[in-house]
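Structure data follow from final-v6.pdb (PDB, C-alpha atoms):
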ATOM      1  CA  PRO M 214       0.000   0.000   0.000
ATOM      2  CA  THR M 215       1.113   3.537  -0.737
ATOM      3  CA  PRO M 216       1.730   5.476   2.489
ATOM      4  CA  THR M 217      -0.363   8.606   2.975
ATOM      5  CA  PRO M 218       1.893  11.606   2.425
ATOM      6  CA  THR M 219       2.461  13.781   5.460
ATOM      7  CA  PRO M 220       0.994  17.225   4.809
ATOM      8  CA  THR M 221       3.489  20.076   4.863
ATOM      9  CA  PRO M 222       2.473  22.533   7.581
ATOM     10  CA  SER M 223       1.860  26.026   6.229
ATOM     11  CA  VAL M 224       4.102  28.705   7.688
ATOM     12  CA  LYS M 225       2.281  31.940   8.363
ATOM     13  CA  PRO M 226       4.350  34.868   7.084
ATOM     14  CA  VAL M 227       5.543  37.356   9.660
ATOM     15  CA  GLU M 228       3.339  40.437   9.499
ATOM     16  CA  PHE M 229       4.760  43.875  10.080
ATOM     17  CA  ASN M 230       3.676  47.447   9.536
ATOM     18  CA  ALA M 231       5.268  48.687   6.309
ATOM     19  CA  THR M 232       5.440  52.346   7.409
ATOM     20  CA  ALA M 233       7.094  51.460  10.708
ATOM     21  CA  LYS M 234       9.571  49.164   8.933
ATOM     22  CA  LYS M 235      10.420  51.859   6.371
ATOM     23  CA  ALA M 236      11.047  54.428   9.128
ATOM     24  CA  PHE M 237      13.244  51.967  11.039
ATOM     25  CA  ASP M 238      15.250  51.165   7.898
ATOM     26  CA  ILE M 239      15.795  54.867   7.178
ATOM     27  CA  ILE M 240      17.328  55.334  10.629
ATOM     28  CA  GLN M 241      19.502  52.238  10.311
ATOM     29  CA  ALA M 242      20.785  53.358   6.909
ATOM     30  CA  ALA M 243      21.659  56.814   8.253
ATOM     31  CA  LYS M 244      24.210  55.571  10.800
ATOM     32  CA  ILE M 245      27.719  56.950  10.468
ATOM     33  CA  GLN M 246      30.889  55.564  12.004
ATOM     34  CA  SER M 247      32.450  58.891  12.938
ATOM     35  CA  SER M 248      30.609  60.559  15.764
ATOM     36  CA  ASN M 249      30.215  64.171  16.877
ATOM     37  CA  LEU M 250      29.121  62.776  20.238
ATOM     38  CA  THR M 251      31.603  61.557  22.793
ATOM     39  CA  TYR M 252      30.610  60.473  26.247
ATOM     40  CA  THR M 253      31.953  59.767  29.674
ATOM     41  CA  TYR M 254      30.228  57.286  31.953
ATOM     42  CA  ARG M 255      29.377  57.599  35.619
ATOM     43  CA  ILE M 256      28.437  54.127  36.739
ATOM     44  CA  GLY M 257      26.892  53.611  40.158
ATOM     45  CA  THR M 258      28.621  51.221  42.523
ATOM     46  CA  PHE M 259      25.569  48.953  42.631
ATOM     47  CA  ALA M 260      24.661  48.953  38.926
ATOM     48  CA  ALA M 261      24.793  45.474  37.382
ATOM     49  CA  PRO M 262      27.792  45.163  35.007
ATOM     50  CA  ASP M 263      25.736  43.435  32.309
ATOM     51  CA  VAL M 264      23.177  46.265  32.356
ATOM     52  CA  THR M 265      25.931  48.852  32.065
ATOM     53  CA  LYS M 266      27.483  47.004  29.144
ATOM     54  CA  VAL M 267      24.229  46.891  27.165
ATOM     55  CA  VAL M 268      23.426  50.541  27.970
ATOM     56  CA  GLN M 269      26.847  51.546  26.636
ATOM     57  CA  LYS M 270      26.285  49.528  23.460
ATOM     58  CA  TYR M 271      22.868  51.107  22.875
ATOM     59  CA  VAL M 272      24.149  54.632  23.573
ATOM     60  CA  GLU M 273      26.999  54.155  21.118
ATOM     61  CA  ASN M 274      24.582  52.796  18.497
ATOM     62  CA  ALA M 275      22.323  55.816  19.010
ATOM     63  CA  ALA M 276      25.228  58.252  18.782
ATOM     64  CA  GLN M 277      25.881  57.076  15.214
ATOM     65  CA  VAL M 278      22.550  58.676  14.267
ATOM     66  CA  TYR M 279      22.319  61.498  16.804
ATOM     67  CA  SER M 280      25.627  62.867  15.503
ATOM     68  CA  LEU M 281      23.794  63.864  12.323
ATOM     69  CA  PHE M 282      21.843  66.407  14.382
ATOM     70  CA  LEU M 283      24.987  68.168  15.647
ATOM     71  CA  ASP M 284      26.987  70.931  13.993
ATOM     72  CA  SER M 285      29.962  70.564  16.334
ATOM     73  CA  PRO M 286      31.490  67.955  18.670
ATOM     74  CA  ARG M 287      29.706  67.540  21.999
ATOM     75  CA  VAL M 288      30.526  65.663  25.187
ATOM     76  CA  VAL M 289      27.747  64.091  27.267
ATOM     77  CA  THR M 290      27.980  62.313  30.615
ATOM     78  CA  ILE M 291      25.957  59.079  30.779
ATOM     79  CA  HIS M 292      24.736  58.064  34.251
ATOM     80  CA  VAL M 293      23.754  54.500  35.189
ATOM     81  CA  TYR M 294      22.807  54.084  38.853
ATOM     82  CA  THR M 295      20.421  52.398  41.297
ATOM     83  CA  GLU M 296      18.410  53.121  44.423
ATOM     84  CA  LYS M 297      21.434  52.035  46.484
ATOM     85  CA  ASP M 298      23.549  54.720  44.797
ATOM     86  CA  MET M 299      21.116  57.524  45.616
ATOM     87  CA  PRO M 300      22.604  58.548  49.013
ATOM     88  CA  ALA M 301      25.928  59.337  47.316
ATOM     89  CA  LEU M 302      24.160  61.351  44.589
ATOM     90  CA  LEU M 303      22.151  63.626  46.863
ATOM     91  CA  ASP M 304      25.085  66.017  47.302
ATOM     92  CA  ASN M 305      24.703  66.832  43.603
ATOM     93  CA  THR M 306      22.182  69.599  42.833
ATOM     94  CA  MET M 307      21.198  67.726  39.680
ATOM     95  CA  PHE M 308      19.781  64.855  41.768
ATOM     96  CA  ALA M 309      18.989  66.454  45.130
ATOM     97  CA  THR M 310      15.729  68.115  44.054
ATOM     98  CA  GLN M 311      14.329  65.310  41.900
ATOM     99  CA  THR M 312      11.204  64.256  43.813
ATOM    100  CA  GLY M 313      10.021  61.895  41.042
ATOM    101  CA  LEU M 314      13.351  60.085  41.004
ATOM    102  CA  LYS M 315      13.349  59.734  44.785
ATOM    103  CA  PHE M 316       9.767  58.468  44.745
ATOM    104  CA  PHE M 317      10.648  55.623  42.384
ATOM    105  CA  THR M 318      13.959  54.698  43.952
ATOM    106  CA  ASP M 319      12.307  54.668  47.401
ATOM    107  CA  SER M 320       9.646  52.311  46.042
ATOM    108  CA  TRP M 321      12.368  49.975  44.771
ATOM    109  CA  ILE M 322      13.806  49.830  48.296
ATOM    110  CA  LYS M 323      10.400  48.894  49.738
ATOM    111  CA  ASP M 324       9.431  46.410  47.013
ATOM    112  CA  GLU M 325      12.199  43.943  46.288
ATOM    113  CA  SER M 326      10.160  42.271  43.557
ATOM    114  CA  GLN M 327      10.899  45.222  41.249
ATOM    115  CA  ILE M 328      13.315  43.819  38.675
ATOM    116  CA  ASN M 329      11.986  45.320  35.434
ATOM    117  CA  ALA M 330      11.858  49.062  35.978
ATOM    118  CA  SER M 331      13.713  52.219  35.009
ATOM    119  CA  TYR M 332      13.543  55.937  35.642
ATOM    120  CA  GLY M 333      14.985  58.156  32.957
ATOM    121  CA  PHE M 334      17.025  60.956  34.467
ATOM    122  CA  PRO M 335      18.914  63.113  33.680
ATOM    123  CA  GLY M 336      18.281  64.142  30.097
ATOM    124  CA  THR M 337      19.097  67.724  29.231
ATOM    125  CA  PHE M 338      21.780  70.383  28.754
ATOM    126  CA  TYR M 339      22.473  71.627  32.291
ATOM    127  CA  ASN M 340      23.546  75.148  33.130
ATOM    128  CA  SER M 341      25.641  74.016  36.058
ATOM    129  CA  GLU M 342      26.209  70.859  38.087
ATOM    130  CA  CYS M 343      27.031  71.833  41.673
ATOM    131  CA  SER M 344      27.840  70.242  45.000
ATOM    132  CA  VAL M 345      25.295  71.004  47.723
ATOM    133  CA  SER M 346      27.893  70.813  50.499
ATOM    134  CA  THR M 347      30.772  72.738  48.887
ATOM    135  CA  ASN M 348      28.846  74.890  46.382
ATOM    136  CA  GLN M 349      31.465  74.074  43.754
ATOM    137  CA  CYS M 350      30.144  73.868  40.189
ATOM    138  CA  THR M 351      31.418  72.231  37.036
ATOM    139  CA  GLY M 352      29.832  74.486  34.408
ATOM    140  CA  PRO M 353      27.496  73.741  31.501
ATOM    141  CA  ALA M 354      27.324  70.150  30.248
ATOM    142  CA  GLY M 355      25.014  67.572  28.724
ATOM    143  CA  HIS M 356      23.853  64.745  30.987
ATOM    144  CA  ALA M 357      21.744  61.653  30.212
ATOM    145  CA  GLY M 358      21.039  58.413  32.006
ATOM    146  CA  SER M 359      18.721  56.175  33.962
ATOM    147  CA  ALA M 360      18.190  54.585  37.354
ATOM    148  CA  TYR M 361      17.511  50.852  37.643
ATOM    149  CA  PRO M 362      16.705  48.583  40.590
ATOM    150  CA  SER M 363      20.008  47.276  41.961
ATOM    151  CA  ARG M 364      18.826  43.674  41.510
ATOM    152  CA  ALA M 365      17.893  44.226  37.829
ATOM    153  CA  THR M 366      19.914  42.463  35.137
ATOM    154  CA  THR M 367      19.678  42.221  31.361
ATOM    155  CA  ALA M 368      17.655  39.045  31.921
ATOM    156  CA  THR M 369      14.984  40.920  33.904
ATOM    157  CA  LEU M 370      14.906  44.248  32.038
ATOM    158  CA  ASP M 371      12.921  44.669  28.836
ATOM    159  CA  LEU M 372      14.305  46.426  25.770
ATOM    160  CA  HIS M 373      12.413  49.598  26.580
ATOM    161  CA  ALA M 374      14.173  49.910  29.950
ATOM    162  CA  LEU M 375      17.607  49.254  28.490
ATOM    163  CA  ALA M 376      17.064  51.945  25.835
ATOM    164  CA  VAL M 377      16.033  54.637  28.346
ATOM    165  CA  PRO M 378      19.511  56.285  28.498
ATOM    166  CA  SER M 379      19.416  56.569  24.683
ATOM    167  CA  HIS M 380      15.989  58.225  25.023
ATOM    168  CA  GLU M 381      17.384  60.725  27.516
ATOM    169  CA  LEU M 382      20.415  61.308  25.289
ATOM    170  CA  PHE M 383      18.111  62.435  22.494
ATOM    171  CA  HIS M 384      16.621  65.000  24.896
ATOM    172  CA  VAL M 385      20.150  66.348  25.357
ATOM    173  CA  VAL M 386      20.481  66.695  21.582
ATOM    174  CA  GLN M 387      17.133  68.517  21.474
ATOM    175  CA  ASP M 388      18.235  70.843  24.257
ATOM    176  CA  PHE M 389      21.463  71.781  22.513
ATOM    177  CA  TYR M 390      19.130  73.853  20.302
ATOM    178  CA  ARG M 391      16.108  74.697  22.454
ATOM    179  CA  PHE M 392      17.925  77.428  24.370
ATOM    180  CA  TYR M 393      19.836  78.960  21.438
ATOM    181  CA  GLY M 394      22.868  76.811  22.170
ATOM    182  CA  LYS M 395      22.897  77.754  25.843
ATOM    183  CA  PRO M 396      22.341  75.344  28.733
ATOM    184  CA  GLN M 397      19.038  75.054  30.565
ATOM    185  CA  TYR M 398      17.692  77.907  32.639
ATOM    186  CA  ALA M 399      14.508  78.180  34.665
ATOM    187  CA  VAL M 400      11.639  78.381  32.169
ATOM    188  CA  THR M 401       7.977  77.525  32.564
ATOM    189  CA  GLU M 402       6.512  74.307  31.217
ATOM    190  CA  GLU M 403       4.270  76.391  28.950
ATOM    191  CA  VAL M 404       7.330  77.994  27.329
ATOM    192  CA  LYS M 405       8.865  74.556  26.847
ATOM    193  CA  ASP M 406       5.664  73.355  25.192
ATOM    194  CA  LEU M 407       5.710  76.306  22.831
ATOM    195  CA  SER M 408       9.267  75.474  21.815
ATOM    196  CA  MET M 409       8.331  71.849  21.042
ATOM    197  CA  ARG M 410       5.048  70.066  21.590
ATOM    198  CA  PRO M 411       5.425  67.327  24.230
ATOM    199  CA  ILE M 412       4.279  64.643  21.793
ATOM    200  CA  PHE M 413       7.236  65.614  19.586
ATOM    201  CA  ARG M 414       9.718  65.886  22.433
ATOM    202  CA  GLU M 415       8.794  62.566  24.044
ATOM    203  CA  GLY M 416       7.528  60.776  20.942
ATOM    204  CA  GLY M 417      10.602  61.801  18.983
ATOM    205  CA  ALA M 418      12.938  60.599  21.723
ATOM    206  CA  THR M 419      11.034  57.296  21.985
ATOM    207  CA  PHE M 420      11.191  56.602  18.257
ATOM    208  CA  MET M 421      14.809  57.701  17.897
ATOM    209  CA  ALA M 422      16.008  55.714  20.920
ATOM    210  CA  TYR M 423      14.430  52.439  19.784
ATOM    211  CA  SER M 424      15.198  52.787  16.073
ATOM    212  CA  SER M 425      18.845  53.785  16.554
ATOM    213  CA  SER M 426      19.842  51.764  19.642
ATOM    214  CA  LEU M 427      18.407  48.497  18.390
ATOM    215  CA  THR M 428      19.633  46.870  15.189
ATOM    216  CA  ASP M 429      16.774  44.521  14.366
ATOM    217  CA  PHE M 430      13.181  45.482  13.518
ATOM    218  CA  ALA M 431      11.797  42.679  15.682
ATOM    219  CA  GLN M 432      13.675  44.203  18.644
ATOM    220  CA  TYR M 433      12.230  47.614  17.793
ATOM    221  CA  GLU M 434       8.705  46.189  17.852
ATOM    222  CA  ASN M 435       9.488  44.354  21.070
ATOM    223  CA  ALA M 436      10.596  47.588  22.743
ATOM    224  CA  LEU M 437       7.378  49.323  21.691
ATOM    225  CA  VAL M 438       5.345  46.648  23.474
ATOM    226  CA  PHE M 439       5.984  48.565  26.704
ATOM    227  CA  ASP M 440       4.453  51.749  25.301
ATOM    228  CA  LYS M 441       1.535  49.905  23.703
ATOM    229  CA  ASN M 442       0.793  48.134  26.981
ATOM    230  CA  ARG M 443       0.930  51.422  28.856
ATOM    231  CA  LEU M 444      -1.701  52.856  26.512
ATOM    232  CA  THR M 445      -3.898  49.817  27.106
ATOM    233  CA  LYS M 446      -3.528  49.626  30.880
ATOM    234  CA  GLU M 447      -3.300  53.270  31.923
ATOM    235  CA  TYR M 448      -5.519  54.975  29.326
ATOM    236  CA  PRO M 449      -8.253  52.469  28.418
ATOM    237  CA  SER M 450     -10.881  55.197  27.917
ATOM    238  CA  ASP M 451      -8.652  57.030  25.428
ATOM    239  CA  LEU M 452      -7.940  53.799  23.593
ATOM    240  CA  LYS M 453     -11.602  52.803  23.477
ATOM    241  CA  ALA M 454     -12.484  56.223  22.036
ATOM    242  CA  LEU M 455     -10.059  55.846  19.102
ATOM    243  CA  ASN M 456     -12.309  54.417  16.399
ATOM    244  CA  SER M 457     -11.562  56.707  13.483
ATOM    245  CA  ALA M 458      -8.826  58.939  12.091
ATOM    246  CA  GLU M 459     -10.809  61.937  13.353
ATOM    247  CA  ASP M 460     -10.662  60.525  16.904
ATOM    248  CA  VAL M 461      -6.869  60.285  16.642
ATOM    249  CA  VAL M 462      -6.551  63.895  15.496
ATOM    250  CA  SER M 463      -8.766  65.085  18.360
ATOM    251  CA  LEU M 464      -6.610  63.273  20.918
ATOM    252  CA  LEU M 465      -3.332  64.580  19.464
ATOM    253  CA  VAL M 466      -4.650  68.153  19.514
ATOM    254  CA  LYS M 467      -5.791  67.629  23.104
ATOM    255  CA  LEU M 468      -2.326  66.422  24.103
ATOM    256  CA  GLU M 469      -0.478  69.344  22.491
ATOM    257  CA  ARG M 470      -0.140  71.532  25.579
ATOM    258  CA  LEU M 471       0.949  70.770  29.131
ATOM    259  CA  ASP M 472       0.505  67.003  28.987
ATOM    260  CA  ARG M 473       3.425  64.722  29.776
ATOM    261  CA  SER M 474       1.460  61.572  30.453
ATOM    262  CA  GLY M 475       2.556  58.104  29.420
ATOM    263  CA  ARG M 476       0.327  58.113  26.319
ATOM    264  CA  LEU M 477       2.648  60.647  24.652
ATOM    265  CA  TYR M 478       5.410  58.107  24.178
ATOM    266  CA  GLY M 479       3.676  55.433  22.111
ATOM    267  CA  LEU M 480       1.397  57.798  20.175
ATOM    268  CA  GLY M 481       4.352  60.098  19.539
ATOM    269  CA  ALA M 482       6.540  57.233  18.333
ATOM    270  CA  PHE M 483       3.848  56.158  15.853
ATOM    271  CA  LEU M 484       3.533  59.762  14.642
ATOM    272  CA  HIS M 485       7.294  59.880  14.048
ATOM    273  CA  GLU M 486       7.235  56.579  12.179
ATOM    274  CA  TRP M 487       4.846  58.147   9.695
ATOM    275  CA  LEU M 488       6.799  61.416   9.564
ATOM    276  CA  ILE M 489      10.175  59.758   8.903
ATOM    277  CA  ALA M 490       8.779  57.181   6.461
ATOM    278  CA  ASN M 491       7.075  59.850   4.357
ATOM    279  CA  TYR M 492       9.432  62.829   4.640
ATOM    280  CA  GLY M 493      12.803  61.308   5.505
ATOM    281  CA  LEU M 494      15.298  62.125   8.228
ATOM    282  CA  ASP M 495      16.706  65.410   6.898
ATOM    283  CA  LYS M 496      13.541  67.441   7.514
ATOM    284  CA  PHE M 497      13.287  66.028  11.028
ATOM    285  CA  ILE M 498      16.889  67.060  11.702
ATOM    286  CA  THR M 499      16.103  70.537  10.380
ATOM    287  CA  LEU M 500      13.052  70.835  12.644
ATOM    288  CA  THR M 501      15.042  69.710  15.690
ATOM    289  CA  LYS M 502      17.793  72.228  15.001
ATOM    290  CA  LYS M 503      15.311  75.073  14.403
ATOM    291  CA  HIS M 504      13.160  74.642  17.491
ATOM    292  CA  ASN M 505      13.751  77.106  20.311
ATOM    293  CA  VAL M 506      11.947  78.933  23.087
ATOM    294  CA  GLY M 507      11.591  82.041  20.954
ATOM    295  CA  LYS M 508       9.378  80.766  18.141
ATOM    296  CA  GLU M 509       6.061  78.922  18.166
ATOM    297  CA  PHE M 510       6.583  75.264  17.226
ATOM    298  CA  ASN M 511       3.634  75.023  14.832
ATOM    299  CA  GLU M 512       5.128  77.883  12.805
ATOM    300  CA  LEU M 513       8.511  76.143  12.609
ATOM    301  CA  PHE M 514       6.864  72.844  11.711
ATOM    302  CA  THR M 515       4.913  74.502   8.890
ATOM    303  CA  GLU M 516       8.075  76.176   7.584
ATOM    304  CA  THR M 517       9.874  72.832   7.537
ATOM    305  CA  TYR M 518       7.183  70.456   6.290
ATOM    306  CA  GLY M 519       4.875  72.764   4.335
ATOM    307  CA  MET M 520       1.845  71.780   6.420
ATOM    308  CA  SER M 521       0.460  72.588   9.848
ATOM    309  CA  LEU M 522       0.661  70.251  12.828
ATOM    310  CA  LYS M 523      -3.033  69.461  12.467
ATOM    311  CA  ASP M 524      -2.510  68.625   8.792
ATOM    312  CA  ALA M 525       0.271  66.234   9.802
ATOM    313  CA  TYR M 526      -1.926  64.670  12.500
ATOM    314  CA  THR M 527      -4.694  64.183   9.925
ATOM    315  CA  LYS M 528      -2.400  62.518   7.397
ATOM    316  CA  ALA M 529      -0.695  60.354  10.022
ATOM    317  CA  ALA M 530      -3.919  59.371  11.799
ATOM    318  CA  PRO M 531      -4.689  56.192   9.772
ATOM    319  CA  HIS M 532      -1.195  54.862  10.492
ATOM    320  CA  ILE M 533      -1.415  55.740  14.191
ATOM    321  CA  LEU M 534      -4.852  54.121  14.444
ATOM    322  CA  GLU M 535      -3.543  50.942  12.804
ATOM    323  CA  ARG M 536      -0.585  50.826  15.202
ATOM    324  CA  VAL M 537      -2.739  51.443  18.270
ATOM    325  CA  LYS M 538      -5.439  48.948  17.347
ATOM    326  CA  GLY M 539      -3.189  46.382  15.639
TER     327      GLY M 539
END
Translate this structure into structure tokens?
Amino acid sequence: PTPTPTPTPSVKPVEFNATAKKAFDIIQAAKIQSSNLTYTYRIGTFAAPDVTKVVQKYVENAAQVYSLFLDSPRVVTIHVYTEKDMPALLDNTMFATQTGLKFFTDSWIKDESQINASYGFPGTFYNSECSVSTNQCTGPAGHAGSAYPSRATTATLDLHALAVPSHELFHVVQDFYRFYGKPQYAVTEEVKDLSMRPIFREGGATFMAYSSSLTDFAQYENALVFDKNRLTKEYPSDLKALNSAEDVVSLLVKLERLDRSGRLYGLGAFLHEWLIANYGLDKFITLTKKHNVGKEFNELFTETYGMSLKDAYTKAAPHILERVKG
């Protein structure tokens, strides 16, 4: 008798969003070996060596793209530290007043189950880093970094957490321009929002950190899982209300001013996917270099892209809706 042939199982092709993949590929192709960014590292005593190693790798990957945004060489200090390192950092004015940072690091002390967490700080161009006890200052400098639970390792941290220092590093690049090339001074949040809408500041840093730090599109998508989950868990009413492109535009307009909630990151990353895929990296670099506290961001965006922010939201809305609901 003739044996019954064993059927060949069908392999379902891997599905991916074409716009997101195109944007990721544009960033990967833009990498340059020579870098305008150099960095020094301040590693906390209790930071896990494997975490530090991966953070350094991701920062150096990101710098190959971020350098394209810079007109001159810049030095940035990268901080990697834990809740156990905080007592030594509190003499530094940069850390001493950070209530949000202290809230999270205190929670890590109380809850030892925290092994997949991060708190991005610092991430800007500082006017002066001073000692609380001696009042000695080091002068203007860029600083980026993240805190992690001391028990966290690369096995417990997701890709989002490991890319946080790269996210904060992009904020430093943004701030090299926001204050006309000068370090940060005391300005109101409203003035900051006029210089760059929060969904661009945070969404841009989210997209750039993932797409430049990571070298594989599957990793990029994996990192975004954190931001997608945050939308689902923390903002279910917003998510439920997004049923059309018009709903997306309404939400983006609503989030334009004085909103730094967690929904900015994922929605902003999806907006930047569409922007980079359709208009390339050069215009985005131009917009980043133009933005400052002296000119309304919508005006600068229109000058650069030939359309208003709302026009961009409208055109990007179908992609954002697909990414949110997909």
Expressed in Å, the length from atom CA of M:Pro411 to atom CA of M:Gly507 is 16.3 Å
M:Tyr279, M:Phe259, M:Phe514, M:Phe229 ranked by distance to M:Lys244, top pick (using all atoms listed in the file):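 Under the stated criterion, the closest residue is M:Tyr279.
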Could you tell me which residues the PyMOL selection byres ((chain M and resi 521-530) around 6) returns for this structure, as a PyMOL selection string? chain M and resi 458+461-462+487+511+515+520+531-534
Of the candidates M:Pro262, M:Ser359, M:Ala436, M:Ser408, which shows the shortest atom-to-atom distance to M:Glu509, using all atoms listed in the file? M:Ser408
Proximity to M:Val438 - best of M:Phe497, M:Arg536, M:Lys502, M:Tyr361, all atoms listed in the file: M:Arg536
Can you turn the PyMOL selection byres ((chain M and resi 415-427) around 7) into a concrete residue list for this file, as a PDB file with C-alpha atoms, in the frame of the given file?
ATOM      1  CA  PHE M 237      13.244  51.967  11.039  1.00  0.00           C
ATOM      2  CA  ILE M 240      17.328  55.334  10.629  1.00  0.00           C
ATOM      3  CA  GLN M 241      19.502  52.238  10.311  1.00  0.00           C
ATOM      4  CA  TYR M 271      22.868  51.107  22.875  1.00  0.00           C
ATOM      5  CA  VAL M 272      24.149  54.632  23.573  1.00  0.00           C
ATOM      6  CA  ASN M 274      24.582  52.796  18.497  1.00  0.00           C
ATOM      7  CA  ALA M 275      22.323  55.816  19.010  1.00  0.00           C
ATOM      8  CA  VAL M 278      22.550  58.676  14.267  1.00  0.00           C
ATOM      9  CA  ALA M 376      17.064  51.945  25.835  1.00  0.00           C
ATOM     10  CA  SER M 379      19.416  56.569  24.683  1.00  0.00           C
ATOM     11  CA  HIS M 380      15.989  58.225  25.023  1.00  0.00           C
ATOM     12  CA  PHE M 383      18.111  62.435  22.494  1.00  0.00           C
ATOM     13  CA  HIS M 384      16.621  65.000  24.896  1.00  0.00           C
ATOM     14  CA  PRO M 411       5.425  67.327  24.230  1.00  0.00           C
ATOM     15  CA  ILE M 412       4.279  64.643  21.793  1.00  0.00           C
ATOM     16  CA  PHE M 413       7.236  65.614  19.586  1.00  0.00           C
ATOM     17  CA  ARG M 414       9.718  65.886  22.433  1.00  0.00           C
ATOM     18  CA  THR M 428      19.633  46.870  15.189  1.00  0.00           C
ATOM     19  CA  ASP M 429      16.774  44.521  14.366  1.00  0.00           C
ATOM     20  CA  GLN M 432      13.675  44.203  18.644  1.00  0.00           C
ATOM     21  CA  TYR M 433      12.230  47.614  17.793  1.00  0.00           C
ATOM     22  CA  ALA M 436      10.596  47.588  22.743  1.00  0.00           C
ATOM     23  CA  LEU M 477       2.648  60.647  24.652  1.00  0.00           C
ATOM     24  CA  TYR M 478       5.410  58.107  24.178  1.00  0.00           C
ATOM     25  CA  GLY M 479       3.676  55.433  22.111  1.00  0.00           C
ATOM     26  CA  LEU M 480       1.397  57.798  20.175  1.00  0.00           C
ATOM     27  CA  GLY M 481       4.352  60.098  19.539  1.00  0.00           C
ATOM     28  CA  ALA M 482       6.540  57.233  18.333  1.00  0.00           C
ATOM     29  CA  HIS M 485       7.294  59.880  14.048  1.00  0.00           C
TER      30      HIS M 485
END
Rank nothing, just name the residue among M:Gln246, M:Thr295, M:Ser346, M:Ser457 nearest to M:Ala261, using only C-alpha atoms.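 Comparing M:Gln246, M:Thr295, M:Ser346, M:Ser457 against M:Ala261, the winner is M:Thr295.
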Kindly provide, as number ranges by chain, the polymer residues lying within 8 Å of (21.0, 56.3, 32.4), counting only C-alpha atoms and using the coordinates exactly as they appear in the file. M: 268, 291-294, 333-335, 357-360, 377-379, 381
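Using the PyMOL selection byres ((chain M and resi 290) around 8) on this structure selects M:Tyr252, M:Thr253, M:Tyr254, M:Arg255, M:Val288, M:Val289, M:Ile291, M:His292, M:Ala354, M:Gly355, M:His356, M:Ala357.
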Choose the residue, out of M:Asn348, M:Val506, M:Ala374, M:Lys538, that has the smallest atom-to-atom separation from M:Leu455; count only C-alpha atoms.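 Of the candidates, the smallest distance to M:Leu455 is held by M:Lys538.
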